[in-house]
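Student: The following file, upload-v7.txt, comprises compact mmCIF, C-alpha atoms:
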```txt
# COMPACT_ATOMS: atom_id res chain seq x y z
CA MET A 234 20.61 18.46 16.22
CA ALA A 235 19.89 14.72 16.23
CA LYS A 236 16.27 13.75 15.56
CA ASP A 237 14.21 11.78 18.06
CA PRO A 238 13.65 8.16 16.97
CA VAL A 239 10.39 7.32 15.22
CA ARG A 240 8.71 4.13 16.39
CA VAL A 241 7.67 1.95 13.42
CA LEU A 242 5.48 -1.11 13.88
CA VAL A 243 5.63 -4.00 11.40
CA THR A 244 3.07 -6.76 11.94
CA GLY A 245 3.74 -10.21 10.48
CA ALA A 246 7.40 -9.26 10.88
CA ALA A 247 8.75 -12.83 10.74
CA GLY A 248 7.07 -13.46 7.38
CA GLN A 249 8.52 -12.94 3.93
CA ILE A 250 7.52 -9.30 3.43
CA GLY A 251 8.41 -8.42 7.02
CA TYR A 252 11.85 -10.01 6.64
CA ALA A 253 12.48 -7.91 3.51
CA LEU A 254 10.97 -4.75 5.03
CA VAL A 255 12.60 -4.39 8.45
CA PRO A 256 16.20 -3.97 7.17
CA MET A 257 15.00 -1.34 4.67
CA ILE A 258 13.40 0.64 7.52
CA ALA A 259 16.50 0.21 9.70
CA ARG A 260 18.73 1.44 6.85
CA GLY A 261 16.70 4.65 6.34
CA VAL A 262 14.96 3.72 3.09
CA MET A 263 11.53 4.54 4.54
CA LEU A 264 12.11 7.71 6.56
CA GLY A 265 15.43 9.08 5.36
CA ALA A 266 19.13 8.67 6.05
CA ASP A 267 19.07 11.00 9.08
CA GLN A 268 15.99 9.60 10.86
CA PRO A 269 16.66 7.18 13.76
CA VAL A 270 14.05 4.46 14.26
CA ILE A 271 12.90 2.02 16.91
CA LEU A 272 11.38 -1.07 15.30
CA HIS A 273 8.36 -2.76 16.86
CA MET A 274 7.87 -6.23 15.37
CA LEU A 275 4.73 -8.27 15.98
CA ASP A 276 3.91 -11.82 14.96
CA ILE A 277 1.75 -14.71 16.11
CA PRO A 278 2.97 -17.06 18.91
CA PRO A 279 3.89 -19.95 16.53
CA ALA A 280 6.32 -17.53 14.82
CA ALA A 281 7.92 -16.27 18.07
CA GLU A 282 11.19 -18.15 17.56
CA ALA A 283 11.54 -16.97 13.96
CA LEU A 284 10.75 -13.42 15.11
CA ASN A 285 13.55 -13.62 17.65
CA GLY A 286 15.84 -14.76 14.83
CA VAL A 287 14.94 -11.63 12.84
CA LYS A 288 15.73 -9.51 15.92
CA MET A 289 19.13 -11.20 16.23
CA GLU A 290 19.87 -10.42 12.58
CA LEU A 291 18.91 -6.77 13.05
CA VAL A 292 21.32 -6.55 15.99
CA ASP A 293 24.02 -8.32 13.95
CA ALA A 294 23.61 -5.89 11.03
CA ALA A 295 24.62 -2.99 13.31
CA PHE A 296 22.40 -0.42 11.57
CA PRO A 297 23.47 3.05 12.81
CA LEU A 298 19.89 4.41 12.61
CA LEU A 299 18.35 1.53 14.59
CA LYS A 300 17.97 2.70 18.19
CA GLY A 301 15.99 -0.25 19.53
CA VAL A 302 13.98 -3.36 18.66
CA VAL A 303 10.79 -4.62 20.28
CA ALA A 304 10.00 -8.17 19.12
CA THR A 305 6.79 -9.51 20.61
CA THR A 306 3.68 -11.63 20.16
CA ASP A 307 1.71 -9.26 22.42
CA VAL A 308 -0.37 -6.79 20.39
CA VAL A 309 -0.52 -4.16 23.16
CA GLU A 310 3.26 -4.15 23.65
CA ALA A 311 3.73 -3.98 19.87
CA CYS A 312 1.38 -1.00 19.41
CA THR A 313 2.47 1.09 22.40
CA GLY A 314 3.81 4.48 21.35
CA VAL A 315 4.14 3.71 17.64
CA ASN A 316 4.15 6.63 15.18
CA ILE A 317 3.85 4.52 12.01
CA ALA A 318 2.17 1.13 11.68
CA VAL A 319 2.76 -1.11 8.67
CA MET A 320 0.17 -3.89 8.83
CA VAL A 321 1.70 -6.78 6.89
CA GLY A 322 0.21 -9.61 8.96
CA GLY A 323 -3.07 -11.12 7.83
CA PHE A 324 -4.76 -14.41 7.08
CA PRO A 325 -4.05 -15.56 3.50
CA ARG A 326 -6.67 -17.24 1.37
CA LYS A 327 -6.02 -20.98 1.25
CA GLU A 328 -7.19 -23.54 -1.25
CA GLY A 329 -10.87 -24.34 -0.89
CA MET A 330 -11.61 -21.24 1.21
CA GLU A 331 -14.52 -18.99 0.33
CA ARG A 332 -13.99 -15.20 0.25
CA LYS A 333 -16.24 -14.85 3.29
CA ASP A 334 -14.03 -17.27 5.29
CA VAL A 335 -10.91 -15.20 4.54
CA MET A 336 -12.76 -11.97 5.28
CA SER A 337 -14.04 -13.34 8.58
CA LYS A 338 -10.50 -14.32 9.70
CA ASN A 339 -9.10 -10.91 8.73
CA VAL A 340 -11.96 -9.02 10.36
CA SER A 341 -11.08 -10.63 13.69
CA ILE A 342 -7.31 -9.93 13.26
CA TYR A 343 -7.86 -6.30 12.25
CA LYS A 344 -10.45 -5.71 14.95
CA SER A 345 -7.95 -6.72 17.65
CA GLN A 346 -5.04 -4.77 16.14
CA ALA A 347 -7.20 -1.68 15.55
CA SER A 348 -8.30 -1.70 19.20
CA ALA A 349 -4.67 -1.88 20.37
CA LEU A 350 -3.60 0.96 18.04
CA GLU A 351 -6.61 3.00 19.15
CA LYS A 352 -5.64 2.72 22.82
CA HIS A 353 -1.84 2.61 22.73
CA ALA A 354 -0.35 4.16 19.56
CA ALA A 355 1.14 7.66 19.56
CA ALA A 356 -1.10 10.58 18.64
CA ASN A 357 -1.40 11.07 14.86
CA CYS A 358 -0.13 7.53 14.13
CA LYS A 359 -0.04 6.83 10.39
CA VAL A 360 -1.25 3.38 9.31
CA LEU A 361 -0.49 1.48 6.10
CA VAL A 362 -2.32 -1.81 5.48
CA VAL A 363 -0.46 -4.25 3.23
CA ALA A 364 -2.19 -7.58 3.99
CA ASN A 365 -4.90 -8.59 1.52
CA PRO A 366 -7.70 -7.78 1.02
CA ALA A 367 -5.79 -4.56 1.76
CA ASN A 368 -8.49 -1.96 0.99
CA THR A 369 -11.15 -3.72 3.05
CA ASN A 370 -8.77 -4.65 5.89
CA ALA A 371 -7.98 -0.92 6.13
CA LEU A 372 -11.68 -0.13 6.27
CA ILE A 373 -12.18 -2.62 9.12
CA LEU A 374 -9.23 -1.14 10.96
CA LYS A 375 -10.76 2.33 10.58
CA GLU A 376 -14.06 1.01 11.97
CA PHE A 377 -12.43 -0.23 15.19
CA ALA A 378 -10.01 2.66 15.69
CA PRO A 379 -12.44 5.60 15.55
CA SER A 380 -10.05 8.05 17.23
CA ILE A 381 -7.41 7.57 14.52
CA PRO A 382 -8.32 10.12 11.82
CA GLU A 383 -9.60 8.50 8.60
CA ARG A 384 -6.87 10.44 6.76
CA ASN A 385 -4.29 8.43 8.71
CA ILE A 386 -5.48 4.99 7.54
CA THR A 387 -4.33 3.95 4.07
CA CYS A 388 -3.66 0.80 2.08
CA LEU A 389 -0.89 -0.19 -0.30
CA THR A 390 -1.45 0.24 -4.03
CA ARG A 391 2.03 1.69 -4.54
CA LEU A 392 3.23 -1.79 -5.52
CA ASP A 393 0.77 -1.75 -8.45
CA HIS A 394 1.79 1.85 -9.23
CA ASN A 395 5.46 0.84 -9.33
CA ARG A 396 4.62 -2.20 -11.47
CA ALA A 397 2.89 0.09 -13.96
CA LEU A 398 5.94 2.40 -14.05
CA GLY A 399 8.15 -0.64 -14.63
CA GLN A 400 6.06 -1.93 -17.53
CA ILE A 401 6.11 1.46 -19.31
CA SER A 402 9.84 1.81 -18.70
CA GLU A 403 10.50 -1.63 -20.26
CA LYS A 404 8.14 -1.02 -23.18
CA LEU A 405 9.79 2.30 -24.09
CA ASN A 406 13.33 1.29 -23.04
CA VAL A 407 13.65 4.36 -20.80
CA GLN A 408 14.76 4.81 -17.20
CA VAL A 409 11.92 4.13 -14.77
CA SER A 410 12.81 7.39 -12.98
CA ASP A 411 11.86 9.27 -16.17
CA VAL A 412 8.27 7.91 -16.14
CA LYS A 413 5.71 9.58 -13.88
CA ASN A 414 2.03 10.05 -13.10
CA VAL A 415 0.58 6.66 -13.89
CA ILE A 416 -2.49 6.03 -11.72
CA ILE A 417 -3.86 2.94 -10.01
CA TRP A 418 -7.60 3.37 -9.44
CA GLY A 419 -9.63 1.24 -7.06
CA ASN A 420 -8.94 -2.06 -5.39
CA HIS A 421 -5.64 -3.86 -4.86
CA SER A 422 -7.07 -6.82 -6.76
CA SER A 423 -7.47 -7.96 -10.35
CA THR A 424 -10.17 -5.29 -10.90
CA GLN A 425 -7.72 -2.42 -10.27
CA TYR A 426 -7.34 0.00 -13.19
CA PRO A 427 -3.79 0.99 -14.16
CA ASP A 428 -4.28 4.24 -16.11
CA VAL A 429 -1.63 5.97 -18.27
CA ASN A 430 -3.85 8.67 -19.79
CA HIS A 431 -2.09 11.38 -17.77
CA ALA A 432 1.36 9.76 -17.54
CA THR A 433 4.46 11.34 -19.05
CA VAL A 434 8.07 10.49 -19.83
CA ASN A 435 10.98 12.87 -19.43
CA THR A 436 12.85 12.76 -22.77
CA SER A 437 15.82 14.69 -24.17
CA SER A 438 13.30 16.94 -25.94
CA GLY A 439 11.09 17.54 -22.89
CA GLU A 440 8.10 15.78 -21.33
CA LYS A 441 6.05 13.62 -23.69
CA SER A 442 2.88 11.68 -23.03
CA VAL A 443 3.14 7.92 -22.53
CA LYS A 444 0.23 7.39 -24.94
CA GLU A 445 2.02 9.28 -27.68
CA LEU A 446 5.36 7.54 -27.13
CA VAL A 447 3.90 4.02 -26.88
CA GLY A 448 1.64 4.59 -29.91
CA ASP A 449 -0.22 1.34 -29.27
CA ASP A 450 -3.66 1.85 -27.72
CA ALA A 451 -4.47 -1.85 -28.03
CA TRP A 452 -1.55 -2.68 -25.70
CA LEU A 453 -2.30 0.18 -23.31
CA THR A 454 -5.95 -0.87 -22.93
CA GLY A 455 -5.19 -4.61 -23.04
CA GLY A 456 -1.87 -6.32 -22.30
CA PHE A 457 -0.49 -3.53 -20.15
CA ILE A 458 -3.52 -3.50 -17.85
CA THR A 459 -3.72 -7.28 -17.48
CA THR A 460 0.05 -7.58 -16.88
CA VAL A 461 -0.13 -5.10 -13.98
CA GLN A 462 -3.34 -6.66 -12.63
CA GLN A 463 -1.92 -10.21 -12.76
CA ARG A 464 1.70 -9.45 -11.86
CA GLY A 465 1.42 -10.87 -8.35
CA ALA A 466 0.11 -14.18 -9.69
CA ALA A 467 2.91 -14.29 -12.29
CA ILE A 468 5.52 -13.83 -9.55
CA ILE A 469 3.97 -16.62 -7.46
CA LYS A 470 4.13 -18.89 -10.52
CA ALA A 471 7.80 -18.02 -11.11
CA ARG A 472 9.06 -17.95 -7.50
CA LYS A 473 6.57 -20.38 -5.94
CA LEU A 474 6.30 -17.61 -3.33
CA SER A 475 4.51 -14.27 -3.33
CA SER A 476 6.24 -10.97 -4.07
CA ALA A 477 8.07 -9.88 -0.92
CA LEU A 478 10.99 -7.71 -2.03
CA SER A 479 8.86 -5.46 -4.27
CA ALA A 480 6.04 -5.26 -1.69
CA ALA A 481 8.50 -4.21 1.03
CA SER A 482 10.15 -1.65 -1.24
CA SER A 483 6.82 -0.11 -2.26
CA ALA A 484 5.66 0.05 1.39
CA CYS A 485 8.78 2.15 2.06
CA ASP A 486 7.95 4.34 -0.98
CA HIS A 487 4.36 4.83 0.26
CA ILE A 488 5.38 5.94 3.76
CA ARG A 489 8.37 7.99 2.58
CA ASP A 490 6.27 10.06 0.17
CA TRP A 491 3.45 10.42 2.71
CA VAL A 492 5.81 11.66 5.45
CA LEU A 493 8.43 13.55 3.41
CA GLY A 494 6.26 14.66 0.46
CA THR A 495 5.97 13.97 -3.26
CA SER A 496 8.10 15.82 -5.83
CA GLN A 497 6.60 18.92 -7.44
CA GLY A 498 4.40 17.95 -10.40
CA THR A 499 4.38 14.26 -9.46
CA TRP A 500 1.62 12.18 -7.96
CA VAL A 501 1.55 8.63 -6.58
CA SER A 502 -1.21 6.08 -5.98
CA MET A 503 -2.49 5.42 -2.45
CA GLY A 504 -5.53 3.58 -1.15
CA VAL A 505 -7.30 6.30 0.85
CA TYR A 506 -10.72 7.01 2.31
CA SER A 507 -12.97 8.19 -0.52
CA ASP A 508 -14.67 11.56 -0.16
CA GLY A 509 -16.72 11.03 -3.34
CA SER A 510 -14.05 12.38 -5.73
CA TYR A 511 -14.40 11.13 -9.33
CA ASN A 512 -17.87 9.79 -8.44
CA VAL A 513 -16.34 7.02 -6.34
CA PRO A 514 -18.74 6.15 -3.49
CA ALA A 515 -17.70 7.89 -0.27
CA GLY A 516 -16.75 5.57 2.56
CA LEU A 517 -14.64 3.09 0.55
CA ILE A 518 -10.87 2.80 0.83
CA TYR A 519 -10.08 3.31 -2.85
CA SER A 520 -6.84 3.97 -4.72
CA PHE A 521 -6.55 7.50 -6.12
CA PRO A 522 -3.75 9.66 -7.49
CA VAL A 523 -2.49 11.77 -4.58
CA THR A 524 0.13 14.37 -3.80
CA CYS A 525 1.65 14.62 -0.32
CA GLN A 526 2.94 17.59 1.63
CA ASN A 527 3.68 18.15 5.34
CA GLY A 528 2.62 14.60 6.20
CA GLU A 529 -0.81 14.92 4.54
CA TRP A 530 -2.12 13.40 1.30
CA LYS A 531 -4.50 15.13 -1.10
CA ILE A 532 -6.43 13.56 -3.99
CA VAL A 533 -5.43 15.08 -7.35
CA GLN A 534 -8.55 16.80 -8.71
CA GLY A 535 -9.77 17.75 -12.17
CA LEU A 536 -8.30 14.93 -14.26
CA SER A 537 -10.33 14.07 -17.34
CA ILE A 538 -11.86 10.58 -17.28
CA ASP A 539 -12.78 9.07 -20.65
CA GLU A 540 -15.58 6.54 -21.15
CA PHE A 541 -13.23 3.51 -21.07
CA SER A 542 -11.72 4.71 -17.80
CA ARG A 543 -15.12 5.52 -16.26
CA LYS A 544 -16.25 1.92 -16.74
CA LYS A 545 -13.02 0.61 -15.17
CA LEU A 546 -13.36 2.96 -12.17
CA ASP A 547 -16.94 1.81 -11.63
CA VAL A 548 -16.16 -1.92 -11.87
CA THR A 549 -13.48 -1.77 -9.18
CA ALA A 550 -15.73 0.44 -6.98
CA GLU A 551 -18.49 -2.18 -7.28
CA GLU A 552 -16.10 -4.90 -6.12
CA LEU A 553 -15.06 -2.79 -3.13
CA THR A 554 -18.69 -2.10 -2.25
CA GLU A 555 -19.34 -5.88 -2.28
CA GLU A 556 -16.24 -6.54 -0.16
CA LYS A 557 -17.33 -3.90 2.33
CA ALA A 558 -20.77 -5.52 2.65
CA LEU A 559 -19.14 -8.93 3.08
CA ALA A 560 -16.76 -7.63 5.77
CA TYR A 561 -19.54 -5.87 7.66
CA SER A 562 -21.63 -9.05 7.58
CA CYS A 563 -18.73 -10.76 9.42
CA LEU A 564 -18.97 -8.18 12.20
CA THR A 565 -22.37 -9.35 13.35
```
The structure in this file should be written as structure tokens.

Tutor:
Amino acid sequence: MAKDPVRVLVTGAAGQIGYALVPMIARGVMLGADQPVILHMLDIPPAAEALNGVKMELVDAAFPLLKGVVATTDVVEACTGVNIAVMVGGFPRKEGMERKDVMSKNVSIYKSQASALEKHAAANCKVLVVANPANTNALILKEFAPSIPERNITCLTRLDHNRALGQISEKLNVQVSDVKNVIIWGNHSSTQYPDVNHATVNTSSGEKSVKELVGDDAWLTGGFITTVQQRGAAIIKARKLSSALSAASSACDHIRDWVLGTSQGTWVSMGVYSDGSYNVPAGLIYSFPVTCQNGEWKIVQGLSIDEFSRKKLDVTAEELTEEKALAYSCLT
């Protein structure tokens, strides 16, 4: 029997990431090859014409799974009935702007969008925040959408997770699909901690640890971490534009695993509401290793944390605590 369409909201849909993301959703990359979708696309009034152009292209692509398109600059229309919301739109930091200025702009955007989701989204709507500062934007959204369960509000660190997988795959000259269980801890910022202490590679002689196969602790605790942390900046330098294709792809990965589940024995990284696990302060949106089943995520428990890792986890938690204080100061 044919499935009912799922309504998926993409904010900032006329922008670079949105333009890369909407065809992936329409093609079934996010929710599966048998799941029809209705796309809700939101952007700001100055982008209305471009947004209409994206809608025309979606129609022209004749995606069999795409059962409808709502393209609008009205936040209430965009949020009405949506089952999944991918929040790509946000105010980027511009030259000469202080962090507080950026935070203040994003607080007002996320306050308005959270209120619309709160009142008009479908029950049990799942939310993924992509726009930076992603962790803190997600926290603000949670604040202004109290009826959406905190478990349903997440932020994107899967891009960093995938970057870490890619770096290990290149270093060892193995297929990226054979590498698993890297972890991104903390903030989607340059303080994030890409951790390979529990990561493995599927080899012809069974699973082996990444640490053992790489055999270079100096790289794993140095160049590898900084490459993943600074990858976004490196792409901007090379493309003169921020990473859009990889961000869109990892947003699909995040939602797909959340909705359809992670493979047995495999975890992924998601920015989720901290319950105090691993001595991370409760009440932050923090990236943890998670497994997903039946549409629910669960933090992987019981992993050993060495002294080097503990310091890294604490540094990124401190930054998130500061960001939270800064964001809340913009609310008054």

Student: Applying 8 Å and all atoms listed in the file, which residues near A:Val362 remain after dropping the ones on its own chain fewer than 6 positions away? List them as a PyMOL selection string.

Tutor: chain A and resi 319-321+368+370-371+386-389

Student: For atom CA of A:Asp449 and atom CA of A:Asn430, quote the distance in Å rounded to one decimal.

Tutor: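 Distance between the two atoms: 12.5 Å.
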
Student: Please provide the set of residues having any atom within 9 Å of A:Lys404, restricted to all atoms listed in the file, with same-chain residues fewer than 4 positions apart removed, written as a list in words.

Tutor: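 Skipping anything fewer than 4 positions along the chain leaves Gly399, Gln400 and Val447 of chain A.
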
Student: Have a look at A:Pro427, A:Gly439, A:Gly535, A:Gly504 and name the one nearest to A:His394; count all atoms listed in the file.

Tutor: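 Under the stated criterion, the closest residue is A:Pro427.
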
Student: For stretch 461-477 of chain A, find every residue with an atom within 7 Å (counting only C-alpha atoms), except residues of its own chain fewer than 4 positions away, and show them as a tab-separated table (two decimals) with C-alpha atoms, in the coordinates of the input.

Tutor:
```
chain	number	residue	atom	x	y	z
A	249	GLN	CA	8.52	-12.94	3.93
A	250	ILE	CA	7.52	-9.30	3.43
A	253	ALA	CA	12.48	-7.91	3.51
A	393	ASP	CA	0.77	-1.75	-8.45
A	396	ARG	CA	4.62	-2.20	-11.47
A	397	ALA	CA	2.89	0.09	-13.96
A	422	SER	CA	-7.07	-6.82	-6.76
A	423	SER	CA	-7.47	-7.96	-10.35
A	425	GLN	CA	-7.72	-2.42	-10.27
A	457	PHE	CA	-0.49	-3.53	-20.15
A	481	ALA	CA	8.50	-4.21	1.03
```

Student: Pull the closest atom pair for each residue of stretch 452-554 of chain A that gets at most 12 Å from stretch 300-317 of chain A, along with the distance in Å to one decimal, counting only C-alpha atoms, ordering rows by chain and then ascending residue number, as a tab-separated table.

Tutor:
```
residue	atom	partner	partner_atom	distance
A:Ala484	CA	A:Ile317	CA	11.7
A:Cys485	CA	A:Ile317	CA	11.4
A:His487	CA	A:Ile317	CA	11.8
A:Ile488	CA	A:Ile317	CA	8.5
A:Arg489	CA	A:Ile317	CA	11.0
A:Trp491	CA	A:Ile317	CA	11.0
A:Val492	CA	A:Ile317	CA	9.9
A:Gly528	CA	A:Ile317	CA	11.7
```

Student: Extract, using all atoms listed in the file, all DNA, RNA and protein residues at most 10 Å from stretch 267-269 of chain A, discarding same-chain residues fewer than 2 positions from it, and format them as a list of chain:residue names.

Tutor: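 So the residues in contact are A:Ala235, A:Lys236, A:Asp237, A:Pro238, A:Val239, A:Arg240, A:Ile258, A:Ala259, A:Arg260, A:Gly261, A:Val262, A:Met263, A:Leu264, A:Gly265, A:Ile271, A:Leu272, A:Phe296, A:Pro297, A:Leu298, A:Leu299, A:Lys300, A:Gly301.
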
Student: Can you tell me how far atom CA of A:Arg543 sits from atom CA of A:Lys531, in Å to one decimal?

Tutor: 20.9 Å
